[in-house]
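Have a look at the structure below, then the notes.
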Amino acid sequence: MGGALLAIMPLAMVLANRSSPVVVGLAATAFLAGRLIEDRGGTAHRLLRPLASPLAGAGLAFLAWSLISLAWSPFPASSLRVAGEFLPTLAAAYLLASLAPGRIPRFAVRLGAIAVVLAGVLIAVDLATDLALGRALGHRAAAFVHNRPALTLDLVAGPLALVLWRGRSRGSAGAVLALGALGVMRSISGAAQLGLLAGGAMFAAARLLPWRIAIGLAGLGLGLALALAPVEGDLLARVMPEAAHARLEQSSSRARVAIARSFGAAVATDPWRGAGFGTSARFAETPVARTVPAEMRVLLGVGHPHNSFLQVWAELGLPGAILAALTLMLMLARIARLAQPDQATALGLIACAAAIAFVEHNGWAAWWTAGLGAAISWMREASRPRAEATSEMDGPA
């Protein structure tokens, strides 16, 4: 049951584009039940031992700071609501990535390939037929309803293709990559397309370059994304030509630059502790917003900065940014231990996710967390046979 639920998640997102947290939660519950039936003591050890690692320590410190920041959130009810959506999904993703590898049946791998192929084809066909499928299902008649499914395909397709390739299903692996990419490129999500290009470029670089250089490039990219997030808007306003804005009109590039400038101005006013976890939805009402010039204050009410790195700065301040940077760098240290092509695929997934996070969505969104959990689960399944003796108990990076 857990394997089947993990497999169908991308297709479920096409049919109901907020469904991934429920699907991942049920899949995690099924794998947990199966592992407990097999070996109750071993399951507890498998889940708890990775939490003693430096990477887990940094991640848990980041979560602890997020919870501490609730103490000064001006909207504690809103912050708790965001935490109530994010934290259970994060726990389910951790359970899934810890317990699923090594227990995903072969039929579920094939089912996963079918689900990704169908999801990509359905997105392309629905958009080509003026959303006929969406109207038949009672969805909103708007092309952006396929943005979340396309972003989910971005995350899942590469790791699943590696599982198939490792299982000598080379044709299925190619179909997953090609038709998953079809759905992404046919969607109107510029973020999904950027993620696909970034992930593909990073995968190619990691396959062609020495591993130290590839890891260094990934570290440089993540470090700059986090360090420059508060000044992203000002930088883009200065260097981005009008022709680029015209070409990216569908992606609302001008508005995104203005939003980044507004949130960056708020961070500059109070960079030390942030406004508090989960405050982005009502950021225009926070005390720090009143210190921002009036002409830039309006765009603080858009719901979130459309940049997860900037959201960390705005909500959690400098301590949150430092802990996030530490977590990301320790994650790369773990990735550096992988052999090829696992390392290249993992770096491609990181580049894809980071590119999307830099331009899109709320960083605490449950559907995004669930998609990452599914992608990491497939990634660990692909890496498991050669690293079983050491990495099984290390937990998911």
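We label chains A, B, ... in the order they appear in the structure tokens, count residues from 1 in each chain, and number ligands from 1 in the order shown.
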Can you write out as CSV which residues of segment 86-171 of chain A fall within 8 Å of segment 347-364 of chain A, alongside each residue's closest atom pair and its distance in Å to one decimal, counting only C-alpha atoms and ordering rows by chain and ascending residue number?
residue,atom,partner,partner_atom,distance
A:Phe86,CA,A:Trp364,CA,5.6
A:Asp154,CA,A:Cys352,CA,7.2
A:Leu155,CA,A:Leu349,CA,6.4
A:Gly158,CA,A:Leu349,CA,7.2
A:Pro159,CA,A:Leu349,CA,7.8
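When atom CA of Val312 of chain A is paired with atom CA of Leu217 of chain A, their separation reads 22.1 Å.
Among the candidates A:Ala181, A:Ala28, A:Arg81, A:Ala266, the one nearest to Gly199 of chain A when counting only C-alpha atoms is A:Ala181.
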Exercise. Leu6 of chain A: which residues within 6 Å, counting only C-alpha atoms, same-chain residues fewer than 3 positions away excluded, as a ChimeraX atom specification?
Worked result: /A:3,9,27
Let me see the file: selected residues, N, CA, C and O atoms, as a short mmCIF file (atom, residue, chain, number, x, y, z; two decimals), in the first residue's frame.
data_model
loop_
_atom_site.label_atom_id
_atom_site.label_comp_id
_atom_site.auth_asym_id
_atom_site.auth_seq_id
_atom_site.Cartn_x
_atom_site.Cartn_y
_atom_site.Cartn_z
N GLY A 3 3.94 1.57 -1.09
CA GLY A 3 4.59 1.72 -2.39
C GLY A 3 3.65 2.24 -3.45
O GLY A 3 4.02 3.09 -4.27
N MET A 9 1.49 9.40 -6.49
CA MET A 9 1.40 10.77 -6.02
C MET A 9 1.47 11.82 -7.14
O MET A 9 0.66 12.76 -7.15
N ALA A 27 1.04 7.12 2.74
CA ALA A 27 2.14 6.23 2.37
C ALA A 27 3.10 6.04 3.54
O ALA A 27 3.54 4.91 3.83
#
Exercise. What residues in segment 33-277 of chain A get the DSSP label helix (DSSP H, G or I)? Please answer as a PyMOL selection string.
Worked result: chain A and resi 33-38+40-52+54-72+76-99+106-128+132-136+143-166+170-186+190-208+211-227+229-239+242-247+249-251+253-269
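Interatomic distance, atom CA of Leu47 of chain A against atom CA of Ile335 of chain A: 19.7 Å.
Distances here use only C-alpha atoms; by that measure, the residue among A:Leu316, A:Phe144, A:Gly274, A:Ile259 closest to His304 of chain A is A:Ile259.
Of the residues under consideration (A:Leu228, A:Leu15, A:Val22, A:Ala201), A:Val22 shows the shortest atom-to-atom contact distance to Glu85 of chain A when counting only C-alpha atoms.
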Exercise. Residues at most 10 Å from Asp130 of chain A, counting only C-alpha atoms, excluding those fewer than 3 positions away in the same chain, as number ranges by chain?
Worked result: A: 125-127, 133-135, 141-143
Produce a file of the selected residues containing all heavy atoms, as a PDB file, in the first residue's frame.
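Wrote result.pdb, looks like this:
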ATOM      1  N   VAL A 125      -2.062  17.458 -22.616  1.00  0.00           N
ATOM      2  CA  VAL A 125      -3.325  17.313 -23.353  1.00  0.00           C
ATOM      3  C   VAL A 125      -4.377  18.276 -22.822  1.00  0.00           C
ATOM      4  O   VAL A 125      -5.109  18.916 -23.590  1.00  0.00           O
ATOM      5  CB  VAL A 125      -3.822  15.851 -23.274  1.00  0.00           C
ATOM      6  CG1 VAL A 125      -5.245  15.741 -23.807  1.00  0.00           C
ATOM      7  CG2 VAL A 125      -2.888  14.931 -24.047  1.00  0.00           C
ATOM      8  N   ASP A 126      -4.466  18.403 -21.501  1.00  0.00           N
ATOM      9  CA  ASP A 126      -5.477  19.289 -20.917  1.00  0.00           C
ATOM     10  C   ASP A 126      -5.248  20.734 -21.339  1.00  0.00           C
ATOM     11  O   ASP A 126      -6.194  21.453 -21.679  1.00  0.00           O
ATOM     12  CB  ASP A 126      -5.446  19.158 -19.397  1.00  0.00           C
ATOM     13  CG  ASP A 126      -6.681  19.750 -18.743  1.00  0.00           C
ATOM     14  OD1 ASP A 126      -7.772  19.656 -19.340  1.00  0.00           O
ATOM     15  OD2 ASP A 126      -6.564  20.299 -17.636  1.00  0.00           O
ATOM     16  N   LEU A 127      -3.994  21.174 -21.335  1.00  0.00           N
ATOM     17  CA  LEU A 127      -3.713  22.536 -21.747  1.00  0.00           C
ATOM     18  C   LEU A 127      -3.921  22.734 -23.246  1.00  0.00           C
ATOM     19  O   LEU A 127      -4.328  23.807 -23.685  1.00  0.00           O
ATOM     20  CB  LEU A 127      -2.280  22.903 -21.358  1.00  0.00           C
ATOM     21  CG  LEU A 127      -2.039  23.057 -19.846  1.00  0.00           C
ATOM     22  CD1 LEU A 127      -0.558  23.179 -19.545  1.00  0.00           C
ATOM     23  CD2 LEU A 127      -2.796  24.261 -19.299  1.00  0.00           C
ATOM     24  N   LEU A 133     -10.232  18.458 -19.588  1.00  0.00           N
ATOM     25  CA  LEU A 133     -10.188  17.506 -18.491  1.00  0.00           C
ATOM     26  C   LEU A 133     -10.494  18.186 -17.166  1.00  0.00           C
ATOM     27  O   LEU A 133     -11.252  17.666 -16.336  1.00  0.00           O
ATOM     28  CB  LEU A 133      -8.813  16.842 -18.426  1.00  0.00           C
ATOM     29  CG  LEU A 133      -8.567  15.911 -17.227  1.00  0.00           C
ATOM     30  CD1 LEU A 133      -9.517  14.721 -17.276  1.00  0.00           C
ATOM     31  CD2 LEU A 133      -7.116  15.450 -17.180  1.00  0.00           C
ATOM     32  N   GLY A 134      -9.891  19.351 -16.952  1.00  0.00           N
ATOM     33  CA  GLY A 134     -10.125  20.075 -15.711  1.00  0.00           C
ATOM     34  C   GLY A 134     -11.583  20.428 -15.516  1.00  0.00           C
ATOM     35  O   GLY A 134     -12.131  20.284 -14.411  1.00  0.00           O
ATOM     36  N   ARG A 135     -12.244  20.877 -16.576  1.00  0.00           N
ATOM     37  CA  ARG A 135     -13.669  21.201 -16.456  1.00  0.00           C
ATOM     38  C   ARG A 135     -14.494  19.958 -16.170  1.00  0.00           C
ATOM     39  O   ARG A 135     -15.452  20.000 -15.387  1.00  0.00           O
ATOM     40  CB  ARG A 135     -14.158  21.883 -17.728  1.00  0.00           C
ATOM     41  CG  ARG A 135     -13.718  23.344 -17.838  1.00  0.00           C
ATOM     42  CD  ARG A 135     -14.519  24.075 -18.899  1.00  0.00           C
ATOM     43  NE  ARG A 135     -14.258  23.513 -20.220  1.00  0.00           N
ATOM     44  CZ  ARG A 135     -13.275  23.906 -21.012  1.00  0.00           C
ATOM     45  NH1 ARG A 135     -12.467  24.873 -20.607  1.00  0.00           N
ATOM     46  NH2 ARG A 135     -13.093  23.362 -22.195  1.00  0.00           N
ATOM     47  N   ALA A 141     -11.190  26.646 -14.248  1.00  0.00           N
ATOM     48  CA  ALA A 141     -10.779  26.705 -15.649  1.00  0.00           C
ATOM     49  C   ALA A 141      -9.650  27.725 -15.798  1.00  0.00           C
ATOM     50  O   ALA A 141      -9.819  28.802 -16.366  1.00  0.00           O
ATOM     51  CB  ALA A 141     -11.966  27.075 -16.537  1.00  0.00           C
ATOM     52  N   ALA A 142      -8.483  27.381 -15.271  1.00  0.00           N
ATOM     53  CA  ALA A 142      -7.320  28.261 -15.326  1.00  0.00           C
ATOM     54  C   ALA A 142      -6.081  27.404 -15.518  1.00  0.00           C
ATOM     55  O   ALA A 142      -5.919  26.367 -14.868  1.00  0.00           O
ATOM     56  CB  ALA A 142      -7.208  29.089 -14.050  1.00  0.00           C
ATOM     57  N   ALA A 143      -5.205  27.851 -16.418  1.00  0.00           N
ATOM     58  CA  ALA A 143      -4.027  27.051 -16.757  1.00  0.00           C
ATOM     59  C   ALA A 143      -3.091  26.867 -15.575  1.00  0.00           C
ATOM     60  O   ALA A 143      -2.369  25.867 -15.501  1.00  0.00           O
ATOM     61  CB  ALA A 143      -3.286  27.701 -17.926  1.00  0.00           C
TER      62      ALA A 143
END
Problem set entry | Nearby residues (only C-alpha atoms) at most 9 Å from Leu179 of chain A, same-chain spacing under 5 positions excluded, as an MDAnalysis selection string | chainID A and resid 116:121 174 184
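Around segment 268-273 of chain A, within 9 Å and counting only C-alpha atoms, the residues found are Ser69, Pro230, Val231, Phe263, Val288, Ala289, Thr291, Val292, Trp313, Ala314, Glu315, Leu316, Gly317, Leu318, Pro319 and Gly320 of chain A, once anything fewer than 5 positions away on its own chain is removed.
Distances here use only C-alpha atoms; by that measure, the residue among A:Ala157, A:Leu226, A:Ile376, A:Val14 closest to Leu196 of chain A is A:Ala157.
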Exercise. Using only C-alpha atoms, which of the listed residues (A:Ala132, A:Val109, A:Ile215, A:Val267) sits closest to Pro305 of chain A?
Worked result: A:Val267
Exercise. For Ala205 of chain A, which of A:Ser53, A:Phe309, A:Gly59, A:Thr345 is the closest residue, counting only C-alpha atoms?
Worked result: A:Thr345
